[in-house]
Structure formats: C-alpha cells, structure tokens
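Dumped model_34.json below, it's JSON, C-alpha atoms:
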```json
[["chain", "number", "residue", "atom", "x", "y", "z"],
["A", 242, "MET", "CA", 151.23, 50.63, 167.90],
["A", 243, "ASP", "CA", 150.45, 46.96, 168.50],
["A", 244, "THR", "CA", 153.40, 46.34, 170.80],
["A", 245, "TRP", "CA", 151.15, 45.83, 173.82],
["A", 246, "LYS", "CA", 149.39, 42.96, 172.06],
["A", 247, "LYS", "CA", 152.72, 41.22, 171.60],
["A", 248, "PHE", "CA", 153.23, 41.28, 175.39],
["A", 249, "GLU", "CA", 150.27, 38.93, 175.62],
["A", 250, "GLN", "CA", 151.91, 36.53, 173.19],
["A", 251, "ASN", "CA", 155.23, 36.60, 175.02],
["A", 252, "SER", "CA", 156.79, 33.14, 174.80],
["A", 253, "ILE", "CA", 156.98, 33.04, 178.58],
["A", 254, "THR", "CA", 154.24, 34.49, 180.75],
["A", 255, "HIS", "CA", 154.97, 36.32, 183.97],
["A", 256, "SER", "CA", 153.47, 33.47, 185.94],
["A", 257, "ALA", "CA", 155.53, 30.86, 184.07],
["A", 258, "ALA", "CA", 158.69, 32.90, 184.67],
["A", 259, "HIS", "CA", 158.01, 32.83, 188.40],
["A", 260, "HIS", "CA", 157.50, 29.06, 188.28],
["A", 261, "LEU", "CA", 160.92, 28.67, 186.65],
["A", 262, "MET", "CA", 162.52, 30.93, 189.26],
["A", 263, "ALA", "CA", 160.73, 29.09, 192.08],
["A", 264, "ILE", "CA", 162.07, 25.73, 190.88],
["A", 265, "ASP", "CA", 165.54, 27.25, 190.61],
["A", 266, "SER", "CA", 165.36, 28.76, 194.13],
["A", 267, "LEU", "CA", 164.05, 25.52, 195.67],
["A", 268, "MET", "CA", 166.75, 23.48, 193.94],
["A", 269, "LYS", "CA", 169.41, 25.84, 195.27],
["A", 270, "GLN", "CA", 167.91, 25.93, 198.78],
["A", 271, "TYR", "CA", 166.84, 22.30, 199.30],
["A", 272, "GLY", "CA", 168.27, 20.38, 196.37],
["A", 273, "TYR", "CA", 164.85, 19.33, 195.10],
["A", 274, "ALA", "CA", 161.54, 20.78, 193.92],
["A", 275, "ARG", "CA", 158.17, 19.07, 193.62],
["A", 276, "VAL", "CA", 154.81, 20.49, 192.54],
["A", 277, "SER", "CA", 153.74, 20.83, 196.19],
["A", 278, "ASP", "CA", 156.99, 22.68, 197.05],
["A", 279, "VAL", "CA", 156.47, 25.12, 194.18],
["A", 280, "ALA", "CA", 152.83, 25.63, 195.25],
["A", 281, "ARG", "CA", 153.89, 26.40, 198.82],
["A", 282, "TYR", "CA", 156.71, 28.66, 197.63],
["A", 283, "LEU", "CA", 154.43, 30.69, 195.33],
["A", 284, "GLU", "CA", 151.44, 30.42, 197.70],
["A", 285, "ILE", "CA", 149.13, 29.09, 195.00],
["A", 286, "THR", "CA", 147.32, 25.76, 194.53],
["A", 287, "ARG", "CA", 148.92, 22.53, 193.36],
["A", 288, "GLY", "CA", 146.40, 22.38, 190.54],
["A", 289, "SER", "CA", 147.49, 25.75, 189.23],
["A", 290, "VAL", "CA", 151.17, 24.82, 189.49],
["A", 291, "SER", "CA", 150.55, 21.48, 187.77],
["A", 292, "LEU", "CA", 148.89, 23.13, 184.79],
["A", 293, "THR", "CA", 151.71, 25.66, 184.40],
["A", 294, "ILE", "CA", 154.34, 22.92, 184.77],
["A", 295, "LYS", "CA", 152.51, 20.90, 182.12],
["A", 296, "SER", "CA", 152.87, 23.82, 179.72],
["A", 297, "LEU", "CA", 156.54, 24.37, 180.67],
["A", 298, "LYS", "CA", 157.22, 20.67, 180.12],
["A", 299, "SER", "CA", 155.71, 20.87, 176.64],
["A", 300, "GLN", "CA", 158.02, 23.82, 175.92],
["A", 301, "HIS", "CA", 160.98, 21.69, 177.13],
["A", 302, "LEU", "CA", 161.80, 24.20, 179.87],
["A", 303, "VAL", "CA", 161.04, 21.87, 182.78],
["A", 304, "ILE", "CA", 161.72, 18.16, 183.16],
["A", 305, "GLN", "CA", 159.87, 15.93, 185.64],
["A", 306, "ASP", "CA", 161.68, 12.73, 186.59],
["A", 307, "GLU", "CA", 160.13, 9.35, 187.41],
["A", 308, "HIS", "CA", 159.91, 10.35, 191.12],
["A", 309, "ARG", "CA", 157.98, 13.50, 190.10],
["A", 310, "PHE", "CA", 160.85, 15.80, 191.03],
["A", 311, "LEU", "CA", 161.14, 18.91, 188.86],
["A", 312, "HIS", "CA", 164.30, 20.08, 187.13],
["A", 313, "LEU", "CA", 165.01, 22.98, 184.80],
["A", 314, "SER", "CA", 166.27, 22.14, 181.34],
["A", 315, "ALA", "CA", 169.31, 24.08, 180.10],
["A", 316, "GLU", "CA", 166.93, 26.50, 178.35],
["A", 317, "GLY", "CA", 164.71, 26.79, 181.45],
["A", 318, "GLN", "CA", 167.74, 27.52, 183.60],
["A", 319, "GLN", "CA", 168.88, 30.16, 181.13],
["A", 320, "ILE", "CA", 165.49, 31.88, 181.23],
["A", 321, "ALA", "CA", 165.38, 31.80, 185.05],
["A", 322, "ASP", "CA", 168.90, 33.23, 185.24],
["A", 323, "THR", "CA", 168.14, 35.92, 182.66],
["A", 324, "ILE", "CA", 164.92, 37.05, 184.33],
["A", 325, "ARG", "CA", 166.55, 37.11, 187.76],
["A", 326, "ALA", "CA", 169.44, 39.18, 186.35],
["A", 327, "ARG", "CA", 167.06, 41.60, 184.65],
["A", 328, "HIS", "CA", 165.08, 41.96, 187.87],
["A", 329, "ALA", "CA", 168.27, 42.83, 189.74],
["A", 330, "LEU", "CA", 169.33, 45.27, 187.03],
["A", 331, "ILE", "CA", 166.03, 47.11, 186.90],
["A", 332, "ALA", "CA", 165.79, 47.28, 190.70],
["A", 333, "ARG", "CA", 169.36, 48.66, 190.93],
["A", 334, "PHE", "CA", 168.64, 51.22, 188.22],
["A", 335, "LEU", "CA", 165.46, 52.35, 189.97],
["A", 336, "THR", "CA", 167.13, 52.68, 193.37],
["A", 337, "ASP", "CA", 170.65, 53.82, 192.45],
["A", 338, "VAL", "CA", 169.90, 56.12, 189.53],
["A", 339, "LEU", "CA", 166.29, 57.19, 189.95],
["A", 340, "GLY", "CA", 166.26, 57.13, 193.75],
["A", 341, "VAL", "CA", 163.13, 54.94, 194.03],
["A", 342, "ALA", "CA", 162.65, 53.28, 197.45],
["A", 343, "ASP", "CA", 163.86, 49.63, 197.66],
["A", 344, "GLU", "CA", 160.40, 48.11, 198.13],
["A", 345, "GLN", "CA", 158.81, 50.02, 195.25],
["A", 346, "ALA", "CA", 161.82, 49.29, 193.03],
["A", 347, "ASP", "CA", 161.43, 45.57, 193.73],
["A", 348, "ILE", "CA", 157.70, 45.67, 192.88],
["A", 349, "ASP", "CA", 158.26, 47.62, 189.65],
["A", 350, "ALA", "CA", 161.19, 45.39, 188.64],
["A", 351, "CYS", "CA", 158.92, 42.36, 189.08],
["A", 352, "LYS", "CA", 156.37, 43.89, 186.72],
["A", 353, "VAL", "CA", 158.75, 44.23, 183.78],
["A", 354, "GLU", "CA", 161.55, 41.69, 184.43],
["A", 355, "HIS", "CA", 160.26, 39.12, 181.90],
["A", 356, "LEU", "CA", 159.43, 41.69, 179.21],
["A", 357, "LEU", "CA", 162.63, 43.71, 179.02],
["A", 358, "SER", "CA", 164.70, 43.23, 175.85],
["A", 359, "GLY", "CA", 168.32, 42.17, 175.84],
["A", 360, "GLN", "CA", 169.26, 45.46, 174.21],
["A", 361, "THR", "CA", 167.65, 47.58, 176.93],
["A", 362, "SER", "CA", 169.18, 45.34, 179.61],
["A", 363, "GLN", "CA", 172.60, 45.89, 178.13],
["A", 364, "ARG", "CA", 172.09, 49.67, 178.09],
["A", 365, "LEU", "CA", 170.96, 49.52, 181.71],
["A", 366, "ILE", "CA", 174.18, 47.70, 182.62],
["A", 367, "ASN", "CA", 176.12, 50.44, 180.86],
["A", 368, "VAL", "CA", 174.27, 53.14, 182.78],
["A", 369, "LEU", "CA", 174.84, 51.37, 186.11],
["A", 370, "ARG", "CA", 178.50, 50.74, 185.37],
["A", 371, "PHE", "CA", 178.91, 54.36, 184.32],
["A", 372, "THR", "CA", 177.27, 55.71, 187.48],
["A", 373, "ALA", "CA", 179.46, 53.45, 189.64],
["A", 374, "SER", "CA", 182.63, 54.06, 187.63],
["A", 375, "GLY", "CA", 183.95, 56.88, 189.74],
["A", 376, "VAL", "CA", 184.14, 59.10, 186.65],
["A", 377, "ARG", "CA", 183.61, 62.69, 187.85],
["A", 378, "GLU", "CA", 180.83, 63.38, 185.33],
["A", 379, "ALA", "CA", 178.97, 60.25, 186.46],
["A", 380, "SER", "CA", 178.84, 61.16, 190.15],
["A", 381, "GLY", "CA", 178.07, 64.73, 189.12],
["A", 382, "PHE", "CA", 175.21, 63.49, 186.97],
["A", 383, "ILE", "CA", 173.64, 61.48, 189.81],
["A", 384, "ARG", "CA", 174.00, 64.43, 192.19],
["A", 385, "ALA", "CA", 172.56, 66.88, 189.67],
["A", 386, "LEU", "CA", 169.68, 64.52, 188.88],
["A", 387, "GLY", "CA", 168.79, 64.30, 192.56],
["A", 388, "ASP", "CA", 168.87, 68.06, 192.90],
["A", 389, "TYR", "CA", 166.83, 68.57, 189.73],
["A", 390, "GLU", "CA", 163.94, 66.46, 190.99],
["A", 391, "THR", "CA", 162.08, 69.36, 192.58],
["A", 392, "VAL", "CA", 162.67, 71.77, 189.74],
["A", 393, "CYS", "CA", 159.68, 70.79, 187.54],
["A", 394, "ASP", "CA", 157.35, 73.77, 187.52],
["A", 395, "GLU", "CA", 154.83, 72.17, 185.11],
["A", 396, "ASN", "CA", 155.71, 74.77, 182.51],
["A", 397, "VAL", "CA", 154.62, 72.79, 179.44],
["A", 398, "GLU", "CA", 155.91, 75.31, 176.86],
["A", 399, "ALA", "CA", 159.41, 75.32, 178.33],
["A", 400, "CYS", "CA", 159.67, 71.51, 178.70],
["A", 401, "PRO", "CA", 161.14, 69.50, 175.79],
["A", 402, "TYR", "CA", 159.19, 66.37, 176.81],
["A", 403, "CYS", "CA", 155.75, 67.65, 177.68],
["A", 404, "GLU", "CA", 153.12, 67.85, 174.97],
["A", 405, "SER", "CA", 149.78, 69.53, 175.59],
["A", 406, "GLU", "CA", 149.89, 68.66, 179.28],
["A", 407, "CYS", "CA", 152.60, 68.17, 181.87],
["A", 408, "LEU", "CA", 153.81, 64.55, 181.56],
["A", 409, "SER", "CA", 155.25, 64.66, 185.06],
["A", 410, "ARG", "CA", 151.90, 65.53, 186.61],
["A", 411, "LEU", "CA", 150.01, 62.95, 184.49],
["A", 412, "ALA", "CA", 152.48, 60.07, 184.85],
["A", 413, "SER", "CA", 153.21, 60.33, 188.55],
["A", 414, "ARG", "CA", 149.62, 59.78, 189.66],
["A", 415, "PRO", "CA", 148.90, 56.23, 190.88],
["A", 416, "ILE", "CA", 146.50, 54.60, 188.41],
["A", 417, "THR", "CA", 144.35, 53.36, 191.30],
["A", 418, "ASP", "CA", 143.57, 57.02, 192.10],
["A", 419, "LEU", "CA", 142.01, 57.32, 188.66],
["A", 420, "MET", "CA", 139.66, 54.34, 189.03],
["A", 421, "PRO", "CA", 136.00, 55.21, 189.49],
["A", 422, "ASN", "CA", 134.87, 54.96, 193.08],
["A", 423, "PRO", "CA", 132.06, 52.36, 193.19],
["A", 424, "GLU", "CA", 130.56, 54.02, 196.28],
["A", 425, "SER", "CA", 130.25, 57.38, 194.54],
["A", 426, "LYS", "CA", 128.47, 55.59, 191.67],
["A", 427, "LEU", "CA", 125.99, 54.16, 194.14],
["A", 428, "ASP", "CA", 125.49, 57.60, 195.65],
["A", 429, "SER", "CA", 124.66, 59.12, 192.28],
["A", 430, "LYS", "CA", 121.90, 56.58, 191.61],
["B", 198, "MET", "CA", 161.97, 17.18, 213.18],
["B", 199, "LYS", "CA", 159.31, 18.77, 211.03],
["B", 200, "SER", "CA", 156.95, 21.26, 212.68],
["B", 201, "PRO", "CA", 153.36, 20.03, 213.18],
["B", 202, "ILE", "CA", 150.82, 21.09, 210.62],
["B", 203, "ASN", "CA", 147.79, 23.26, 211.29],
["B", 204, "VAL", "CA", 145.01, 20.94, 210.09],
["B", 205, "VAL", "CA", 142.48, 23.74, 209.53],
["B", 206, "ASP", "CA", 144.96, 25.76, 207.45],
["B", 207, "GLU", "CA", 145.81, 22.69, 205.39],
["B", 208, "LEU", "CA", 142.13, 21.86, 204.85],
["B", 209, "ASN", "CA", 141.54, 25.46, 203.77],
["B", 210, "GLY", "CA", 144.36, 24.96, 201.26],
["B", 211, "MET", "CA", 142.55, 21.89, 199.90],
["B", 212, "LEU", "CA", 139.32, 23.91, 199.80],
["B", 213, "ALA", "CA", 141.05, 26.35, 197.46],
["B", 214, "GLU", "CA", 142.29, 23.40, 195.34],
["B", 215, "GLU", "CA", 138.75, 22.06, 194.99],
["B", 216, "VAL", "CA", 137.09, 25.40, 194.23],
["B", 217, "GLU", "CA", 139.74, 26.32, 191.66],
["B", 218, "ALA", "CA", 139.35, 22.88, 190.08],
["B", 219, "ALA", "CA", 135.57, 23.30, 189.91],
["B", 220, "VAL", "CA", 135.93, 26.66, 188.15],
["B", 221, "ARG", "CA", 138.39, 25.15, 185.68],
["B", 222, "TYR", "CA", 136.08, 22.19, 184.95],
["B", 223, "LEU", "CA", 133.17, 24.54, 184.38],
["B", 224, "TYR", "CA", 135.33, 26.60, 182.01],
["B", 225, "LEU", "CA", 136.48, 23.51, 180.11],
["B", 226, "LYS", "CA", 132.88, 22.36, 179.83],
["B", 227, "VAL", "CA", 131.53, 25.64, 178.49],
["B", 228, "THR", "CA", 134.27, 25.84, 175.86],
["B", 229, "MET", "CA", 133.35, 22.41, 174.42],
["B", 230, "GLU", "CA", 131.19, 22.04, 171.36],
["B", 231, "SER", "CA", 127.92, 20.17, 171.91],
["B", 232, "ASP", "CA", 129.06, 17.23, 169.74],
["B", 233, "ASN", "CA", 131.61, 16.33, 172.44],
["B", 234, "GLY", "CA", 128.74, 15.12, 174.62],
["B", 235, "ASP", "CA", 130.68, 12.34, 176.34],
["B", 236, "VAL", "CA", 133.49, 14.64, 177.50],
["B", 237, "ILE", "CA", 130.96, 17.31, 178.51],
["B", 238, "THR", "CA", 129.14, 14.76, 180.67],
["B", 239, "HIS", "CA", 132.37, 13.78, 182.43],
["B", 240, "LEU", "CA", 133.28, 17.45, 182.95],
["B", 241, "GLN", "CA", 129.84, 18.17, 184.41],
["B", 242, "GLU", "CA", 130.16, 15.22, 186.79],
["B", 243, "ALA", "CA", 133.69, 16.27, 187.77],
["B", 244, "PHE", "CA", 132.42, 19.82, 188.40],
["B", 245, "GLU", "CA", 129.57, 18.62, 190.63],
["B", 246, "GLU", "CA", 131.75, 16.16, 192.55],
["B", 247, "THR", "CA", 134.42, 18.80, 193.10],
["B", 248, "ILE", "CA", 131.88, 21.26, 194.49],
["B", 249, "GLU", "CA", 130.67, 18.47, 196.77],
["B", 250, "HIS", "CA", 134.25, 17.88, 197.97],
["B", 251, "ALA", "CA", 134.57, 21.61, 198.70],
["B", 252, "GLU", "CA", 131.39, 21.44, 200.78],
["B", 253, "TRP", "CA", 132.68, 18.41, 202.72],
["B", 254, "LEU", "CA", 135.95, 20.22, 203.37],
["B", 255, "ALA", "CA", 134.12, 23.29, 204.66],
["B", 256, "ALA", "CA", 131.97, 21.07, 206.90],
["B", 257, "MET", "CA", 135.08, 19.34, 208.28],
["B", 258, "ILE", "CA", 136.73, 22.71, 208.93],
["B", 259, "ARG", "CA", 133.64, 23.91, 210.82],
["B", 260, "ASP", "CA", 133.50, 20.60, 212.69],
["B", 261, "LEU", "CA", 137.05, 21.35, 213.90],
["B", 262, "ASN", "CA", 135.85, 24.79, 215.10],
["B", 263, "GLY", "CA", 137.69, 26.44, 212.25],
["B", 264, "VAL", "CA", 136.50, 28.97, 209.70],
["B", 265, "PRO", "CA", 136.46, 28.05, 205.99],
["B", 266, "ARG", "CA", 138.60, 30.63, 204.21],
["B", 267, "LEU", "CA", 138.93, 30.84, 200.48],
["B", 268, "SER", "CA", 141.73, 32.46, 198.54],
["B", 269, "VAL", "CA", 141.57, 31.49, 194.88],
["B", 270, "ARG", "CA", 143.20, 32.75, 191.73],
["B", 271, "VAL", "CA", 142.07, 31.24, 188.45],
["B", 272, "ASP", "CA", 143.06, 32.39, 184.98],
["B", 273, "CYS", "CA", 141.17, 30.54, 182.27],
["B", 274, "GLU", "CA", 142.07, 32.38, 179.10],
["B", 275, "GLN", "CA", 143.16, 29.58, 176.84],
["B", 276, "PRO", "CA", 140.42, 27.16, 175.79],
["B", 277, "PRO", "CA", 141.58, 23.57, 175.23],
["B", 278, "ALA", "CA", 142.41, 22.91, 171.58],
["B", 279, "THR", "CA", 140.74, 19.49, 171.60],
["B", 280, "PRO", "CA", 138.55, 17.39, 173.94],
["B", 281, "ASP", "CA", 141.65, 15.29, 174.62],
["B", 282, "ASP", "CA", 143.42, 18.42, 175.89],
["B", 283, "ALA", "CA", 140.49, 19.10, 178.22],
["B", 284, "VAL", "CA", 140.65, 15.54, 179.57],
["B", 285, "HIS", "CA", 144.40, 15.88, 180.04],
["B", 286, "ASP", "CA", 143.93, 19.15, 181.96],
["B", 287, "VAL", "CA", 141.36, 17.52, 184.25],
["B", 288, "LEU", "CA", 143.70, 14.60, 184.82],
["B", 289, "THR", "CA", 146.53, 16.99, 185.71],
["B", 290, "ILE", "CA", 144.30, 18.80, 188.23],
["B", 291, "GLU", "CA", 142.93, 15.56, 189.72],
["B", 292, "GLU", "CA", 146.45, 14.15, 190.13],
["B", 293, "ALA", "CA", 147.46, 17.37, 191.91],
["B", 294, "ALA", "CA", 144.48, 17.07, 194.27],
["B", 295, "LEU", "CA", 145.26, 13.40, 194.94],
["B", 296, "GLU", "CA", 148.87, 14.32, 195.71],
["B", 297, "GLY", "CA", 147.64, 17.09, 198.02],
["B", 298, "TYR", "CA", 145.33, 14.77, 199.99],
["B", 299, "ARG", "CA", 147.99, 12.07, 200.20],
["B", 300, "GLU", "CA", 150.55, 14.53, 201.52],
["B", 301, "LEU", "CA", 148.09, 15.95, 204.02],
["B", 302, "LEU", "CA", 147.13, 12.46, 205.20],
["B", 303, "GLU", "CA", 150.80, 11.61, 205.67],
["B", 304, "PHE", "CA", 151.36, 14.75, 207.77],
["B", 305, "ALA", "CA", 148.13, 14.20, 209.73],
["B", 306, "GLU", "CA", 149.12, 10.60, 210.54],
["B", 307, "ARG", "CA", 152.58, 11.76, 211.58],
["B", 308, "ASP", "CA", 151.12, 14.42, 213.89],
["B", 309, "GLY", "CA", 148.48, 12.10, 215.38],
["B", 310, "ALA", "CA", 145.50, 14.11, 214.10],
["B", 311, "GLU", "CA", 141.97, 13.34, 215.26],
["B", 312, "ALA", "CA", 140.43, 10.09, 213.99],
["B", 313, "LYS", "CA", 137.65, 11.91, 212.12],
["B", 314, "VAL", "CA", 140.24, 13.94, 210.18],
["B", 315, "LEU", "CA", 142.21, 10.84, 209.24],
["B", 316, "GLU", "CA", 139.04, 9.05, 208.18],
["B", 317, "PHE", "CA", 137.98, 12.05, 206.07],
["B", 318, "LEU", "CA", 141.38, 12.30, 204.36],
["B", 319, "ARG", "CA", 141.53, 8.55, 203.64],
["B", 320, "LYS", "CA", 138.10, 8.78, 202.03],
["B", 321, "GLN", "CA", 139.23, 11.76, 199.93],
["B", 322, "VAL", "CA", 142.35, 9.88, 198.80],
["B", 323, "GLU", "CA", 140.13, 6.99, 197.76],
["B", 324, "LEU", "CA", 137.70, 9.22, 195.86],
["B", 325, "GLU", "CA", 140.43, 11.24, 194.14],
["B", 326, "SER", "CA", 142.14, 7.98, 193.13],
["B", 327, "GLU", "CA", 138.87, 6.92, 191.50],
["B", 328, "HIS", "CA", 138.65, 10.25, 189.65],
["B", 329, "VAL", "CA", 142.23, 9.95, 188.44],
["B", 330, "ASN", "CA", 141.59, 6.41, 187.17],
["B", 331, "GLU", "CA", 138.36, 7.52, 185.47],
["B", 332, "PHE", "CA", 140.11, 10.30, 183.55],
["B", 333, "ARG", "CA", 143.13, 8.12, 182.80],
["B", 334, "SER", "CA", 140.86, 5.60, 181.13],
["B", 335, "LEU", "CA", 139.10, 8.43, 179.27],
["B", 336, "GLU", "CA", 142.48, 9.73, 178.10],
["B", 337, "LYS", "CA", 143.53, 6.31, 176.78],
["B", 338, "ARG", "CA", 140.43, 5.88, 174.59]]
```
This structure in structure tokens:
Amino acid sequence: MDTWKKFEQNSITHSAAHHLMAIDSLMKQYGYARVSDVARYLEITRGSVSLTIKSLKSQHLVIQDEHRFLHLSAEGQQIADTIRARHALIARFLTDVLGVADEQADIDACKVEHLLSGQTSQRLINVLRFTASGVREASGFIRALGDYETVCDENVEACPYCESECLSRLASRPITDLMPNPESKLDSK
Amino acid sequence: MKSPINVVDELNGMLAEEVEAAVRYLYLKVTMESDNGDVITHLQEAFEETIEHAEWLAAMIRDLNGVPRLSVRVDCEQPPATPDDAVHDVLTIEEAALEGYRELLEFAERDGAEAKVLEFLRKQVELESEHVNEFRSLEKR
C-alpha cells in the first residue's frame, strides 16, 4: 500500500493550492494580486510566497506580468476552481450527512480538498443530491443515520466493519491524545 | 484613505522574512557539493548578512519600545538541482525582501514615521538592492 507516498508526489501541494486560491480570491475581491498581497492574505512571508510562485510559474499555472501582478493561467484557474468546489462538497457532506460541526467540517475539508479524486467527488455530489432530493428514503436515511449514532455498543463480533478491535473507539480518538507527553518523559527520568 | 501602519508589526514581519531567508540560505549551502566553492561562499555571506539584518531589525524594534516577535514557517525539503537553481532561489528571496522594505518605506513615508525608522528602511533598501544586484550578476555568469 504505497498510496500515501503518492500524496507526497501530488502534482500540486497543499500549500501551492492555497496560493492559487489566494490569487483567485484577491483577483475577485480587488482586481489584482501581487506577491505582497498573497503574503498578507495567507499570513506568510513574501520570500515563501515568491518561492512557491516561482514553482507555479514554471508549471505554467501562474503568470506574472511586467508590473509584477499575478494572474492565474487557464489551468491554474481550473485547479483553483476544482479545489474550491471539492472543499465545498466535502464540507457539505460532513455537515449535512455526517452531522459534523461547521468549523470542524471546514478544517477537515481543507485537509483533503486537494487530494480527493474526481471519481470520489462525483459520488459525493450524488450523495448530496440524493439527500436533498426530497425522496422519502433519502430523508429517512439521514434521520435514521442520526438516530443510529449512539447505538454502537463496541460489540466487535456483531459489527461487520470492526476487526479485532472496535474501529469506532480507535478512530474517534484525537491523534494528539495519543502523542507521548514530554513532561511525563521528563518525570520518568 | 489607507489606515496607518503599525511600524513595529511591520518590522516584525520583516524580521520573519530575514530569519526565514537565513534558514533557506543555510539549507541551500549545506546541500551544495564542496566543488561549488564559489556559490557556497556567496551563500555563506548571504546567510551571515541576513542574520545581521535580523539583528538590526530586532534592535530597531526594541529602540521603538516594541518587542521582537518571530513567527516563521520554513519547509526546505527539495534541494536545488544545480548551483544555478540555488542562486536563482536566493535571488527570488532577496527580491522579495527588497520589495518588502520598499513597500514598508513607502508606507512609513506616507504615515510620517520617525526619522530613525525612515533612515533605517532607506539603508535596508540600499543594502537589499546591492544583494539583488550581486546575485543577478552571479546568475548571469
């Protein structure tokens, strides 16, 4: 399972995706975007933005004119639009179907927006359209899902998804809770 | 009418620019092979000068009764493919710093900042211009 390694080689990094979206937002809001505007928008240094823009220029996703104003190429615009749409889709799925709080849904959508495949995005659209379709089974499904949430009794044998341990219990823990506490390490010395 | 800038906040922003740049120059230098001695020397000088600029910025912030604050985020995971790439990266960073000082000077002049701040920023613009020219000439070789 080397899929995780391929994330690292993604043609567009998470940071680069946010640079594209920042340029797009600034263009829409002010009609122009310069390196300093992008730096202020993303709250990072000009040097960092300049290096990322340099890479995006070499990939023909960003164009810098003779007055140093930044523009998205057709491909850059397409990527910014796609990532923004995927972010919105994931966030809507998390809030509307899974019942995740808005703020958490936005954070989690940000984490995966640039990695999601077109196929999964399309299936997400189908799920969202289905749940909003007014079809009786759809609204029944959402209601039943909400009601089912508290039903998990960590009975591993009876669950079709759990393996040797309860996946619900393992997966719902925040990873930060699992990190070693540096203070307790000091105490044990 | 644009709102007046907070000089200390802006100088802290430039402090982050300088410290990030120094870390990047150090990274570029340590990824170079020893037979690229000329480029390594320039990177070492750029690193030392950038640290010096960061110290001057911190001193100016303290002189204005401010507190130097540093929030930096540097990812250096991709070594430059060639010495020319390293020089081009430095040039990109130096141009960004020059642009930052120029913009800050423009705002400070507009807002009637203290003479010592204007003098400091003019000196920085001059020095950064020299750095940009130095790396431009290195790039052209």
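Every protein or nucleic acid residue with an atom no more than 10 Å from Val279 in chain A, counting all atoms listed in the file and leaving out same-chain residues fewer than 5 positions away, appears here: His259, His260, Leu261, Met262, Ala263, Ile264, Asp265, Ser266, Leu267, Ala274, Glu284, Ile285, Thr286, Arg287, Val290, Ser291, Ile294 and Leu311 of chain A.
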- prompt: Could you write out as a list in words the residues of chain A within 12 Å of chain B, counting only C-alpha atoms?
  reply: Glu249, Gln250, Ser256, Arg275, Val276, Ser277, Asp278, Ala280, Arg281, Leu283, Glu284, Ile285, Thr286, Arg287, Gly288, Ser289, Val290, Ser291, Leu292, Thr293, Ile294, Lys295, Ser296 and Arg309 of chain A
field: Proximity to Thr361 in chain A - best of A:His308, A:Pro401, A:Ile331, A:Leu408, all atoms listed in the file
entry: A:Ile331
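Distance check against Met229 in chain B using all atoms listed in the file: of B:Asp260, B:Thr247, B:Pro277, B:Glu242, the minimum falls on B:Pro277.
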- prompt: What separation in Å, quoted to one decimal, exists between CA of Pro415 in chain A and CA of Val368 in chain A?
  reply: 26.8 Å
